[in-house]
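What's in data.cif: mmCIF, C-alpha atoms
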data_my_file
loop_
_atom_site.label_atom_id
_atom_site.label_comp_id
_atom_site.auth_asym_id
_atom_site.auth_seq_id
_atom_site.Cartn_x
_atom_site.Cartn_y
_atom_site.Cartn_z
CA MET A 4 92.66 108.01 79.83
CA LYS A 5 94.73 110.84 81.31
CA ILE A 6 95.22 110.39 85.04
CA SER A 7 97.90 111.44 87.53
CA ALA A 8 98.70 107.89 88.76
CA ARG A 9 102.47 107.63 88.31
CA ASN A 10 102.31 103.84 88.10
CA GLN A 11 100.22 102.31 85.35
CA PHE A 12 100.51 98.63 84.51
CA LYS A 13 98.60 96.95 81.67
CA GLY A 14 97.50 93.44 82.53
CA THR A 15 95.05 90.60 82.10
CA VAL A 16 92.84 89.32 84.94
CA THR A 17 93.85 85.80 86.00
CA ALA A 18 91.64 85.47 89.12
CA VAL A 19 88.83 87.20 91.02
CA HIS A 20 88.29 86.28 94.69
CA PRO A 21 84.97 87.73 95.88
CA GLY A 22 84.33 88.86 99.48
CA ALA A 23 81.41 90.47 101.31
CA VAL A 24 82.35 94.12 100.67
CA ASN A 25 85.72 93.93 98.91
CA SER A 26 87.08 91.52 96.32
CA GLU A 27 90.58 90.66 95.26
CA VAL A 28 91.58 90.84 91.61
CA VAL A 29 94.82 89.25 90.34
CA LEU A 30 96.44 90.44 87.08
CA ASP A 31 99.27 89.15 84.95
CA ILE A 32 101.24 92.25 83.88
CA GLY A 33 103.75 90.33 81.76
CA GLY A 34 107.38 89.36 82.25
CA GLY A 35 106.38 86.99 85.04
CA ASP A 36 105.06 89.83 87.24
CA SER A 37 101.57 89.90 88.69
CA ILE A 38 99.59 92.54 90.57
CA VAL A 39 96.91 91.99 93.22
CA ALA A 40 94.29 94.71 93.80
CA THR A 41 91.54 94.94 96.40
CA VAL A 42 88.46 96.74 95.08
CA THR A 43 84.93 97.18 96.41
CA ASN A 44 82.24 94.87 95.07
CA GLY A 45 80.38 97.91 93.76
CA SER A 46 83.36 98.57 91.48
CA LEU A 47 83.66 94.93 90.50
CA THR A 48 80.09 94.94 89.20
CA ALA A 49 80.44 98.31 87.47
CA MET A 50 83.60 97.06 85.76
CA ARG A 51 82.07 93.67 84.79
CA MET A 52 85.32 92.18 86.07
CA ALA A 53 86.10 88.66 84.85
CA VAL A 54 89.05 86.39 84.17
CA GLY A 55 90.65 87.27 80.84
CA LYS A 56 89.59 90.93 80.96
CA GLU A 57 92.23 93.51 80.05
CA VAL A 58 92.73 96.10 82.76
CA ILE A 59 95.08 98.90 83.78
CA ALA A 60 96.35 98.71 87.37
CA MET A 61 97.32 102.10 88.85
CA ALA A 62 99.09 103.19 92.00
CA LYS A 63 100.28 106.58 93.20
CA ALA A 64 104.06 106.94 93.62
CA SER A 65 103.39 107.85 97.27
CA SER A 66 101.87 104.42 97.94
CA VAL A 67 104.91 102.47 96.73
CA LEU A 68 107.58 101.31 99.20
CA LEU A 69 111.05 100.18 98.24
CA MET A 70 112.89 97.27 99.84
CA THR A 71 116.52 96.29 99.25
CA ASP A 72 116.60 93.35 101.66
CA GLY A 73 113.59 91.28 102.70
CA GLN A 74 115.69 88.26 103.76
CA GLY A 75 114.07 86.29 106.57
CA TYR A 76 110.75 88.16 106.51
CA VAL A 77 107.28 87.59 105.08
CA LEU A 78 105.38 90.79 104.24
CA SER A 79 101.61 91.36 104.27
CA ALA A 80 101.88 93.46 101.10
CA ARG A 81 100.67 91.34 98.18
CA ASN A 82 102.73 93.08 95.51
CA ILE A 83 106.51 92.70 95.64
CA LEU A 84 108.05 93.48 92.25
CA ARG A 85 111.77 93.01 91.56
CA GLY A 86 113.66 95.58 89.54
CA VAL A 87 116.62 97.90 89.26
CA VAL A 88 116.76 101.63 90.10
CA THR A 89 117.07 103.71 86.92
CA GLU A 90 116.74 107.23 88.36
CA VAL A 91 116.60 109.09 91.66
CA THR A 92 115.19 112.64 91.67
CA LEU A 93 115.69 114.43 94.96
CA GLY A 94 113.29 117.03 96.33
CA ALA A 95 113.51 118.89 99.64
CA VAL A 96 112.08 116.17 101.92
CA ASN A 97 111.03 113.50 99.41
CA GLY A 98 112.59 111.92 96.39
CA GLU A 99 111.16 110.03 93.44
CA VAL A 100 112.82 106.72 92.62
CA SER A 101 112.16 105.03 89.26
CA VAL A 102 112.56 101.28 88.99
CA GLN A 103 112.64 99.10 85.89
CA LEU A 104 110.89 95.82 86.66
CA GLY A 105 112.03 92.43 85.40
CA GLY A 106 109.23 92.32 82.84
CA GLY A 107 110.19 95.74 81.45
CA ALA A 108 107.49 97.89 83.08
CA MET A 109 108.49 100.94 85.15
CA ALA A 110 107.51 101.52 88.79
CA HIS A 111 107.88 104.87 90.54
CA ALA A 112 108.06 105.44 94.30
CA MET A 113 107.95 108.65 96.30
CA VAL A 114 109.98 108.03 99.46
CA THR A 115 111.68 110.20 102.07
CA HIS A 116 115.31 111.37 101.84
CA GLU A 117 115.92 109.32 104.93
CA ALA A 118 114.88 106.14 103.11
CA ILE A 119 116.93 106.97 99.99
CA ALA A 120 120.02 107.42 102.17
CA SER A 121 119.53 104.46 104.48
CA LEU A 122 118.76 102.04 101.63
CA GLY A 123 121.57 103.48 99.48
CA LEU A 124 119.19 103.94 96.55
CA GLU A 125 121.02 104.93 93.38
CA LYS A 126 121.07 104.05 89.70
CA GLY A 127 121.79 100.36 89.15
CA GLN A 128 120.75 99.23 92.64
CA PRO A 129 118.55 96.09 92.66
CA VAL A 130 115.36 96.83 94.62
CA MET A 131 111.87 95.50 95.26
CA ALA A 132 108.84 97.78 94.76
CA VAL A 133 106.27 96.92 97.44
CA ILE A 134 102.61 97.90 96.94
CA LYS A 135 99.65 97.02 99.17
CA ALA A 136 96.71 95.47 97.28
CA SER A 137 94.46 98.20 98.75
CA SER A 138 96.60 100.94 97.14
CA VAL A 139 95.97 99.65 93.64
CA MET A 140 93.18 101.12 91.51
CA LEU A 141 91.88 99.42 88.37
CA ALA A 142 90.53 100.78 85.09
CA VAL A 143 88.84 98.79 82.33
CA PRO A 144 87.64 99.87 78.89
CA ALA A 145 83.91 100.73 79.11
CA MET B 26 114.97 93.88 106.46
CA LYS B 27 115.77 97.16 104.69
CA ILE B 28 112.62 98.90 103.52
CA SER B 29 111.63 102.52 102.89
CA ALA B 30 108.68 102.57 105.34
CA ARG B 31 109.42 105.57 107.57
CA ASN B 32 107.32 104.14 110.41
CA GLN B 33 108.31 100.76 111.81
CA PHE B 34 106.83 99.50 115.06
CA LYS B 35 107.82 96.21 116.68
CA GLY B 36 104.93 94.48 118.36
CA THR B 37 103.21 91.29 119.44
CA VAL B 38 99.89 90.10 118.01
CA THR B 39 97.10 90.25 120.61
CA ALA B 40 94.13 89.47 118.35
CA VAL B 41 93.23 88.35 114.82
CA HIS B 42 89.69 89.02 113.53
CA PRO B 43 89.12 87.10 110.29
CA GLY B 44 86.83 88.32 107.50
CA ALA B 45 85.91 87.04 104.03
CA VAL B 46 88.71 88.78 102.08
CA ASN B 47 90.49 90.92 104.67
CA SER B 48 91.31 90.30 108.31
CA GLU B 49 92.15 92.62 111.15
CA VAL B 50 95.32 92.10 113.18
CA VAL B 51 95.84 93.89 116.53
CA LEU B 52 99.37 94.40 117.94
CA ASP B 53 100.71 95.59 121.25
CA ILE B 54 103.67 97.85 120.42
CA GLY B 55 104.56 98.57 124.05
CA GLY B 56 104.13 101.58 126.29
CA GLY B 57 100.36 101.07 126.26
CA ASP B 58 100.12 101.69 122.50
CA SER B 59 98.49 99.28 120.09
CA ILE B 60 98.29 99.15 116.30
CA VAL B 61 95.47 97.71 114.19
CA ALA B 62 96.25 96.54 110.64
CA THR B 63 93.92 95.25 107.91
CA VAL B 64 95.58 92.66 105.68
CA THR B 65 94.27 90.29 103.03
CA ASN B 66 93.59 86.70 104.06
CA GLY B 67 96.15 85.55 101.51
CA SER B 68 98.78 87.44 103.52
CA LEU B 69 97.45 86.14 106.81
CA THR B 70 97.98 82.57 105.70
CA ALA B 71 101.39 83.26 104.16
CA MET B 72 102.49 84.91 107.42
CA ARG B 73 101.03 82.14 109.62
CA MET B 74 99.61 84.95 111.73
CA ALA B 75 98.60 84.02 115.27
CA VAL B 76 98.23 85.58 118.71
CA GLY B 77 101.63 85.93 120.36
CA LYS B 78 103.53 86.23 117.09
CA GLU B 79 106.17 88.98 116.88
CA VAL B 80 105.60 91.31 113.96
CA ILE B 81 106.79 94.63 112.55
CA ALA B 82 104.02 97.07 111.64
CA MET B 83 104.99 99.56 108.94
CA ALA B 84 103.38 102.68 107.51
CA LYS B 85 104.61 105.26 105.03
CA ALA B 86 105.02 108.80 106.39
CA SER B 87 102.58 109.95 103.71
CA SER B 88 99.80 107.80 105.19
CA VAL B 89 100.03 109.32 108.69
CA LEU B 90 97.76 112.22 109.70
CA LEU B 91 98.37 114.48 112.66
CA MET B 92 95.63 115.76 114.97
CA THR B 93 96.05 118.34 117.73
CA ASP B 94 92.42 118.42 118.83
CA GLY B 95 89.92 115.58 118.44
CA GLN B 96 87.60 116.83 121.19
CA GLY B 97 83.98 115.92 120.56
CA TYR B 98 84.66 113.64 117.59
CA VAL B 99 84.96 109.90 117.00
CA LEU B 100 87.23 108.94 114.09
CA SER B 101 87.01 105.90 111.82
CA ALA B 102 90.81 105.55 111.86
CA ARG B 103 91.70 102.69 114.19
CA ASN B 104 95.14 103.97 115.15
CA ILE B 105 95.35 107.15 117.21
CA LEU B 106 98.72 107.40 118.95
CA ARG B 107 99.51 110.17 121.42
CA GLY B 108 102.91 111.84 121.37
CA VAL B 109 104.93 115.03 121.22
CA VAL B 110 106.49 116.67 118.14
CA THR B 111 110.29 116.36 118.23
CA GLU B 112 111.18 117.77 114.81
CA VAL B 113 109.63 119.54 111.81
CA THR B 114 111.53 119.45 108.49
CA LEU B 115 110.03 121.77 105.88
CA GLY B 116 110.14 121.07 102.15
CA ALA B 117 108.63 123.15 99.35
CA VAL B 118 105.02 121.94 99.61
CA ASN B 119 105.28 119.18 102.24
CA GLY B 120 106.98 118.84 105.57
CA GLU B 121 108.00 115.84 107.64
CA VAL B 122 106.94 115.89 111.28
CA SER B 123 108.53 113.47 113.77
CA VAL B 124 106.57 112.50 116.87
CA GLN B 125 107.76 110.66 119.96
CA LEU B 126 104.95 108.40 121.17
CA GLY B 127 104.11 107.81 124.81
CA GLY B 128 105.67 104.36 124.74
CA GLY B 129 108.93 105.74 123.31
CA ALA B 130 108.53 104.72 119.65
CA MET B 131 108.82 107.37 116.93
CA ALA B 132 106.15 108.15 114.34
CA HIS B 133 106.79 110.22 111.21
CA ALA B 134 104.17 112.05 109.14
CA MET B 135 104.45 113.76 105.78
CA VAL B 136 101.88 116.56 105.77
CA THR B 137 101.32 119.74 103.77
CA HIS B 138 102.72 123.14 104.77
CA GLU B 139 99.13 124.25 105.16
CA ALA B 140 98.56 121.60 107.84
CA ILE B 141 101.81 122.41 109.67
CA ALA B 142 100.80 126.07 109.83
CA SER B 143 97.14 125.61 110.72
CA LEU B 144 97.86 123.06 113.48
CA GLY B 145 100.81 125.10 114.74
CA LEU B 146 103.08 122.04 114.62
CA GLU B 147 106.44 122.71 116.25
CA LYS B 148 108.87 121.01 118.62
CA GLY B 149 107.21 120.22 121.97
CA GLN B 150 103.62 120.34 120.66
CA PRO B 151 101.43 117.44 121.90
CA VAL B 152 99.87 115.72 118.93
CA MET B 153 98.09 112.52 117.91
CA ALA B 154 99.40 110.44 115.00
CA VAL B 155 96.40 109.00 113.14
CA ILE B 156 96.83 105.96 110.85
CA LYS B 157 94.11 104.01 109.03
CA ALA B 158 94.28 100.24 109.61
CA SER B 159 94.40 99.75 105.83
CA SER B 160 97.60 101.84 105.59
CA VAL B 161 99.53 99.50 107.86
CA MET B 162 101.70 96.73 106.40
CA LEU B 163 103.00 93.83 108.48
CA ALA B 164 106.22 91.81 108.34
CA VAL B 165 107.00 88.62 110.26
CA PRO B 166 110.20 86.58 110.48
CA ALA B 167 109.98 83.76 107.92
CA MET C 7 88.68 119.08 115.44
CA LYS C 8 92.12 120.11 114.21
CA ILE C 9 93.63 117.51 111.93
CA SER C 10 96.15 117.56 109.06
CA ALA C 11 93.81 115.99 106.46
CA ARG C 12 93.90 118.47 103.57
CA ASN C 13 90.51 117.30 102.29
CA GLN C 14 87.55 117.62 104.62
CA PHE C 15 84.00 117.23 103.34
CA LYS C 16 80.91 117.66 105.50
CA GLY C 17 78.13 115.28 104.61
CA THR C 18 75.14 113.21 105.62
CA VAL C 19 75.11 109.41 105.56
CA THR C 20 72.74 108.09 102.88
CA ALA C 21 73.65 104.38 103.07
CA VAL C 22 75.65 101.86 105.08
CA HIS C 23 76.58 98.52 103.45
CA PRO C 24 77.94 96.14 106.11
CA GLY C 25 80.55 93.45 105.40
CA ALA C 26 82.42 90.89 107.50
CA VAL C 27 85.38 93.11 108.50
CA ASN C 28 84.84 96.34 106.57
CA SER C 29 81.70 98.28 105.73
CA GLU C 30 80.96 100.85 103.10
CA VAL C 31 79.48 104.22 104.07
CA VAL C 32 77.95 106.55 101.46
CA LEU C 33 77.63 110.31 102.16
CA ASP C 34 75.89 113.14 100.39
CA ILE C 35 78.33 116.10 100.54
CA GLY C 36 75.99 118.52 98.77
CA GLY C 37 75.92 120.00 95.27
CA GLY C 38 75.09 116.57 93.85
CA ASP C 39 78.42 115.10 95.01
CA SER C 40 78.68 111.98 97.13
CA ILE C 41 81.60 110.25 98.87
CA VAL C 42 82.02 106.53 99.55
CA ALA C 43 84.26 105.43 102.43
CA THR C 44 85.33 101.95 103.51
CA VAL C 45 85.79 101.68 107.27
CA THR C 46 86.32 98.75 109.62
CA ASN C 47 83.28 97.41 111.46
CA GLY C 48 84.99 98.28 114.75
CA SER C 49 84.89 101.92 113.70
CA LEU C 50 81.32 101.65 112.47
CA THR C 51 80.17 100.53 115.91
CA ALA C 52 82.29 103.10 117.77
CA MET C 53 80.84 105.85 115.57
CA ARG C 54 77.24 104.56 115.87
CA MET C 55 77.03 105.05 112.14
CA ALA C 56 73.51 105.27 110.69
CA VAL C 57 71.65 106.80 107.76
CA GLY C 58 71.02 110.50 108.39
CA LYS C 59 74.08 110.95 110.61
CA GLU C 60 76.24 114.02 109.96
CA VAL C 61 79.86 113.12 109.32
CA ILE C 62 83.10 114.65 108.09
CA ALA C 63 84.88 112.68 105.34
CA MET C 64 88.64 113.25 105.23
CA ALA C 65 91.38 112.30 102.79
CA LYS C 66 95.05 113.22 102.63
CA ALA C 67 96.13 115.23 99.57
CA SER C 68 98.59 112.44 98.78
CA SER C 69 95.74 109.94 98.33
CA VAL C 70 93.90 112.02 95.70
CA LEU C 71 94.49 111.38 91.99
CA LEU C 72 93.55 113.78 89.23
CA MET C 73 92.09 112.76 85.88
CA THR C 74 91.47 115.02 82.89
CA ASP C 75 90.10 112.36 80.56
CA GLY C 76 88.37 109.15 81.64
CA GLN C 77 86.60 108.64 78.31
CA GLY C 78 86.04 104.98 77.50
CA TYR C 79 87.15 103.65 80.90
CA VAL C 80 85.46 102.48 84.09
CA LEU C 81 87.54 102.99 87.25
CA SER C 82 87.52 100.93 90.44
CA ALA C 83 87.83 104.11 92.53
CA ARG C 84 84.40 104.87 93.99
CA ASN C 85 84.90 108.63 94.30
CA ILE C 86 85.18 110.65 91.09
CA LEU C 87 84.42 114.31 91.75
CA ARG C 88 84.22 116.86 88.93
CA GLY C 89 85.72 120.30 89.38
CA VAL C 90 88.01 123.00 88.06
CA VAL C 91 91.65 123.65 89.04
CA THR C 92 91.94 126.87 91.08
CA GLU C 93 95.61 126.72 92.05
CA VAL C 94 98.81 124.78 91.37
CA THR C 95 101.66 125.07 93.89
CA LEU C 96 104.89 123.52 92.65
CA GLY C 97 107.45 121.90 94.94
CA ALA C 98 110.70 120.18 93.95
CA VAL C 99 109.26 116.78 92.97
CA ASN C 100 105.59 117.16 93.93
CA GLY C 101 102.97 119.83 93.47
CA GLU C 102 99.70 120.55 95.24
CA VAL C 103 96.69 121.09 93.01
CA SER C 104 93.51 122.66 94.41
CA VAL C 105 90.20 121.89 92.74
CA GLN C 106 86.81 123.54 93.27
CA LEU C 107 84.13 120.88 93.00
CA GLY C 108 80.77 121.40 91.33
CA GLY C 109 79.02 121.61 94.70
CA GLY C 110 81.44 124.30 95.92
CA ALA C 111 83.68 122.19 98.17
CA MET C 112 87.45 122.21 97.62
CA ALA C 113 89.59 119.13 96.94
CA HIS C 114 93.38 119.11 97.15
CA ALA C 115 95.73 116.62 95.49
CA MET C 116 99.46 116.10 95.90
CA VAL C 117 100.74 114.76 92.59
CA THR C 118 104.12 114.51 90.87
CA HIS C 119 105.53 117.22 88.57
CA GLU C 120 105.36 114.63 85.82
CA ALA C 121 101.59 114.34 86.26
CA ILE C 122 101.08 118.11 86.40
CA ALA C 123 102.96 118.48 83.12
CA SER C 124 101.46 115.52 81.27
CA LEU C 125 97.88 116.43 82.25
CA GLY C 126 98.48 120.14 81.59
CA LEU C 127 97.11 121.05 85.02
CA GLU C 128 96.69 124.80 85.41
CA LYS C 129 94.15 127.27 86.74
CA GLY C 130 90.80 126.92 84.98
CA GLN C 131 91.39 123.35 83.74
CA PRO C 132 88.39 121.04 84.25
CA VAL C 133 89.50 117.95 86.15
CA MET C 134 88.18 114.99 88.13
CA ALA C 135 89.46 114.31 91.64
CA VAL C 136 89.66 110.53 92.12
CA ILE C 137 89.74 109.03 95.63
CA LYS C 138 89.64 105.35 96.58
CA ALA C 139 86.98 104.52 99.21
CA SER C 140 89.71 102.98 101.36
CA SER C 141 91.59 106.30 101.50
CA VAL C 142 88.67 108.11 103.12
CA MET C 143 88.52 108.52 106.90
CA LEU C 144 85.33 109.52 108.70
CA ALA C 145 84.71 111.61 111.84
CA VAL C 146 81.41 112.01 113.68
CA PRO C 147 80.48 114.21 116.64
CA ALA C 148 80.80 112.11 119.82
#

Let's see the structure in the file written out as structure tokens.
Amino acid sequence: MKISARNQFKGTVTAVHPGAVNSEVVLDIGGGDSIVATVTNGSLTAMRMAVGKEVIAMAKASSVLLMTDGQGYVLSARNILRGVVTEVTLGAVNGEVSVQLGGGAMAHAMVTHEAIASLGLEKGQPVMAVIKASSVMLAVPA
Amino acid sequence: MKISARNQFKGTVTAVHPGAVNSEVVLDIGGGDSIVATVTNGSLTAMRMAVGKEVIAMAKASSVLLMTDGQGYVLSARNILRGVVTEVTLGAVNGEVSVQLGGGAMAHAMVTHEAIASLGLEKGQPVMAVIKASSVMLAVPA
Amino acid sequence: MKISARNQFKGTVTAVHPGAVNSEVVLDIGGGDSIVATVTNGSLTAMRMAVGKEVIAMAKASSVLLMTDGQGYVLSARNILRGVVTEVTLGAVNGEVSVQLGGGAMAHAMVTHEAIASLGLEKGQPVMAVIKASSVMLAVPA
């Protein structure tokens, strides 16, 4: 599969929580990290989703937030992945920040200059990559 | 909390509409503006969400649309916030547009050059910031 | 309507699948292409959504993924539109890729340089524009 999603995590389905229109799929992506994705039931059926299935979870860099301090707050985002910044590439108004997660996988976030400055994002900085379950897309072998 | 979300609105929960997998949370962010967010039920429980609770609603600049004329149309987006452009920062293919809302809060949108040109976005231009409920993330004090 | 959404597709509703909080709306956008959008039930009511209704489906360029090879995989994204790249505009960290769909409509995706390089995106390249149903916004005449 060749697709533009900057974030691609291989994982195994550990739970499927069905709803009326959307369902929630939970994956173990290794290294103690898990990913939650919300997908439509139409997709769930087409993908024959089930516990134990191997899937690829994908998210665009533009849908990833970065957090350096979440102390004292609970977030609605289901995916909060701890890591360390490995690279910051600055553009004119945006920058791409690459983060190595605890389990070894890489996450990439496209954030504004403003955010890079105010969070002090630079190589070596511990950071959390925050991704809403609804921003995650899944792919399974046919 | 230090997080890269360019849009952060403090508000108070005025309604919670539960669904099977997702629920809808409505906030009053002051100045007559309200924000609707769709979050998973897992988050709702973890956040002990309830009417009267103080929350921070967050949205990435890349998930905000700008509209200068909605005459004659009804949109599916639940959040349509009126304001005035205060700044336009141009990048190579994108630009960041800052908007002061009626209630005083600031909204920030990352849109293409094409959109900035075709909508004639410049300082002083009245504009509506449009945000899908599913693009809004919530944070509550632990 | 003047709005910053880079992707705007005119279509006719062919199905509405209601859920508890969100519903799924399916549109025929011509040329054999269809678009699926997930919207909240509040919006559905406000828009008086029904089969046969004419709507405009909108998506930000930043929410569109591009895929050159999906062989052997099933994706959770409900919208996979085949087309050909007509233009690539490079920025500092992102680039905008324009795609002419089979039915004649244009799709626009904002993707990273990395993706443009690794997928070999250039004029004339066949490509699929991939859009999650939750990234699509709808507008209907009032």

Put chain B on top of chain A with a least-squares fit on all C-alpha atoms, paired in order, and send it back as a compact mmCIF listing (two decimals) with C-alpha atoms, in the coordinates of the input.
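See superposed.txt below for the written result:
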# COMPACT_ATOMS: atom_id res chain seq x y z
CA MET B 26 92.65 108.01 79.81
CA LYS B 27 94.74 110.84 81.29
CA ILE B 28 95.22 110.40 85.02
CA SER B 29 97.89 111.44 87.52
CA ALA B 30 98.70 107.90 88.75
CA ARG B 31 102.48 107.64 88.31
CA ASN B 32 102.32 103.84 88.09
CA GLN B 33 100.23 102.31 85.33
CA PHE B 34 100.51 98.62 84.50
CA LYS B 35 98.61 96.95 81.67
CA GLY B 36 97.52 93.45 82.51
CA THR B 37 95.05 90.61 82.12
CA VAL B 38 92.85 89.33 84.95
CA THR B 39 93.84 85.81 86.02
CA ALA B 40 91.64 85.48 89.12
CA VAL B 41 88.83 87.20 91.03
CA HIS B 42 88.28 86.28 94.70
CA PRO B 43 84.97 87.73 95.90
CA GLY B 44 84.33 88.84 99.49
CA ALA B 45 81.41 90.45 101.32
CA VAL B 46 82.36 94.11 100.69
CA ASN B 47 85.72 93.93 98.92
CA SER B 48 87.08 91.51 96.34
CA GLU B 49 90.58 90.65 95.27
CA VAL B 50 91.57 90.85 91.60
CA VAL B 51 94.82 89.25 90.34
CA LEU B 52 96.45 90.45 87.09
CA ASP B 53 99.27 89.17 84.96
CA ILE B 54 101.24 92.26 83.88
CA GLY B 55 103.76 90.32 81.77
CA GLY B 56 107.38 89.37 82.26
CA GLY B 57 106.38 87.00 85.07
CA ASP B 58 105.06 89.85 87.25
CA SER B 59 101.57 89.90 88.71
CA ILE B 60 99.59 92.55 90.57
CA VAL B 61 96.92 91.98 93.22
CA ALA B 62 94.30 94.70 93.79
CA THR B 63 91.52 94.93 96.40
CA VAL B 64 88.44 96.74 95.09
CA THR B 65 84.92 97.17 96.43
CA ASN B 66 82.23 94.86 95.08
CA GLY B 67 80.37 97.89 93.78
CA SER B 68 83.35 98.56 91.50
CA LEU B 69 83.64 94.92 90.52
CA THR B 70 80.10 94.92 89.21
CA ALA B 71 80.43 98.29 87.49
CA MET B 72 83.60 97.06 85.75
CA ARG B 73 82.07 93.68 84.80
CA MET B 74 85.32 92.17 86.06
CA ALA B 75 86.09 88.66 84.85
CA VAL B 76 89.05 86.39 84.17
CA GLY B 77 90.65 87.29 80.84
CA LYS B 78 89.59 90.93 80.96
CA GLU B 79 92.23 93.52 80.05
CA VAL B 80 92.74 96.09 82.77
CA ILE B 81 95.09 98.90 83.78
CA ALA B 82 96.35 98.72 87.36
CA MET B 83 97.33 102.09 88.82
CA ALA B 84 99.09 103.19 91.99
CA LYS B 85 100.28 106.58 93.18
CA ALA B 86 104.06 106.95 93.62
CA SER B 87 103.39 107.86 97.25
CA SER B 88 101.86 104.43 97.92
CA VAL B 89 104.91 102.46 96.72
CA LEU B 90 107.57 101.30 99.19
CA LEU B 91 111.05 100.19 98.23
CA MET B 92 112.88 97.27 99.84
CA THR B 93 116.51 96.30 99.24
CA ASP B 94 116.59 93.36 101.64
CA GLY B 95 113.59 91.27 102.69
CA GLN B 96 115.67 88.26 103.75
CA GLY B 97 114.06 86.30 106.56
CA TYR B 98 110.75 88.17 106.50
CA VAL B 99 107.29 87.59 105.06
CA LEU B 100 105.37 90.78 104.23
CA SER B 101 101.61 91.36 104.26
CA ALA B 102 101.88 93.46 101.09
CA ARG B 103 100.67 91.35 98.18
CA ASN B 104 102.73 93.08 95.50
CA ILE B 105 106.51 92.69 95.63
CA LEU B 106 108.05 93.47 92.25
CA ARG B 107 111.75 92.99 91.57
CA GLY B 108 113.66 95.57 89.55
CA VAL B 109 116.62 97.90 89.27
CA VAL B 110 116.76 101.63 90.10
CA THR B 111 117.08 103.70 86.92
CA GLU B 112 116.76 107.21 88.35
CA VAL B 113 116.61 109.09 91.67
CA THR B 114 115.19 112.64 91.66
CA LEU B 115 115.71 114.43 94.98
CA GLY B 116 113.31 117.03 96.34
CA ALA B 117 113.52 118.88 99.66
CA VAL B 118 112.09 116.17 101.93
CA ASN B 119 111.02 113.49 99.42
CA GLY B 120 112.59 111.92 96.39
CA GLU B 121 111.16 110.03 93.44
CA VAL B 122 112.82 106.72 92.62
CA SER B 123 112.17 105.05 89.25
CA VAL B 124 112.56 101.28 88.99
CA GLN B 125 112.65 99.11 85.89
CA LEU B 126 110.89 95.83 86.67
CA GLY B 127 112.03 92.45 85.41
CA GLY B 128 109.24 92.32 82.85
CA GLY B 129 110.20 95.74 81.47
CA ALA B 130 107.49 97.89 83.08
CA MET B 131 108.49 100.93 85.15
CA ALA B 132 107.52 101.52 88.78
CA HIS B 133 107.88 104.88 90.54
CA ALA B 134 108.07 105.45 94.30
CA MET B 135 107.95 108.65 96.30
CA VAL B 136 109.99 108.03 99.45
CA THR B 137 111.68 110.20 102.07
CA HIS B 138 115.30 111.37 101.84
CA GLU B 139 115.93 109.32 104.94
CA ALA B 140 114.87 106.15 103.11
CA ILE B 141 116.92 106.97 100.00
CA ALA B 142 120.01 107.43 102.17
CA SER B 143 119.52 104.46 104.48
CA LEU B 144 118.77 102.02 101.63
CA GLY B 145 121.56 103.48 99.50
CA LEU B 146 119.19 103.94 96.55
CA GLU B 147 121.04 104.93 93.39
CA LYS B 148 121.08 104.06 89.70
CA GLY B 149 121.79 100.35 89.15
CA GLN B 150 120.74 99.24 92.66
CA PRO B 151 118.53 96.10 92.68
CA VAL B 152 115.38 96.83 94.62
CA MET B 153 111.87 95.51 95.25
CA ALA B 154 108.85 97.77 94.74
CA VAL B 155 106.27 96.92 97.41
CA ILE B 156 102.60 97.90 96.94
CA LYS B 157 99.65 97.02 99.17
CA ALA B 158 96.70 95.48 97.29
CA SER B 159 94.46 98.20 98.75
CA SER B 160 96.60 100.93 97.14
CA VAL B 161 95.97 99.64 93.64
CA MET B 162 93.18 101.12 91.50
CA LEU B 163 91.88 99.42 88.36
CA ALA B 164 90.53 100.78 85.08
CA VAL B 165 88.82 98.80 82.31
CA PRO B 166 87.63 99.88 78.87
CA ALA B 167 83.92 100.74 79.12

Selection dump of the PyMOL selection byres ((chain B and resi 114) around 12), as a compact mmCIF listing (two decimals) with C-alpha atoms, in the frame of the given file:
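Saved to part.txt:
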# COMPACT_ATOMS: atom_id res chain seq x y z
CA ALA A 95 113.51 118.89 99.64
CA VAL A 96 112.08 116.17 101.92
CA ASN A 97 111.03 113.50 99.41
CA THR A 115 111.68 110.20 102.07
CA HIS A 116 115.31 111.37 101.84
CA GLU A 117 115.92 109.32 104.93
CA VAL B 110 106.49 116.67 118.14
CA THR B 111 110.29 116.36 118.23
CA GLU B 112 111.18 117.77 114.81
CA VAL B 113 109.63 119.54 111.81
CA LEU B 115 110.03 121.77 105.88
CA GLY B 116 110.14 121.07 102.15
CA ALA B 117 108.63 123.15 99.35
CA VAL B 118 105.02 121.94 99.61
CA ASN B 119 105.28 119.18 102.24
CA GLY B 120 106.98 118.84 105.57
CA GLU B 121 108.00 115.84 107.64
CA VAL B 122 106.94 115.89 111.28
CA SER B 123 108.53 113.47 113.77
CA VAL B 124 106.57 112.50 116.87
CA HIS B 133 106.79 110.22 111.21
CA ALA B 134 104.17 112.05 109.14
CA MET B 135 104.45 113.76 105.78
CA VAL B 136 101.88 116.56 105.77
CA THR B 137 101.32 119.74 103.77
CA HIS B 138 102.72 123.14 104.77
CA ILE B 141 101.81 122.41 109.67
CA LEU B 146 103.08 122.04 114.62
CA GLU B 147 106.44 122.71 116.25
CA LYS B 148 108.87 121.01 118.62

Query raised in the report: Interatomic distance between atom CA of Arg103 of chain B and atom CA of Ala52 of chain C?
Result: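 Taking atom CA of Arg103 of chain B as the start and atom CA of Ala52 of chain C as the end point, the length is 10.1 Å.
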
Query raised in the report: Between C:Val31, C:Ala26, C:Ala56, C:Leu107, which is the closest to Pro132 of chain C once you count all atoms listed in the file?
Result: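 Closest residue, counting all atoms listed in the file: C:Leu107.
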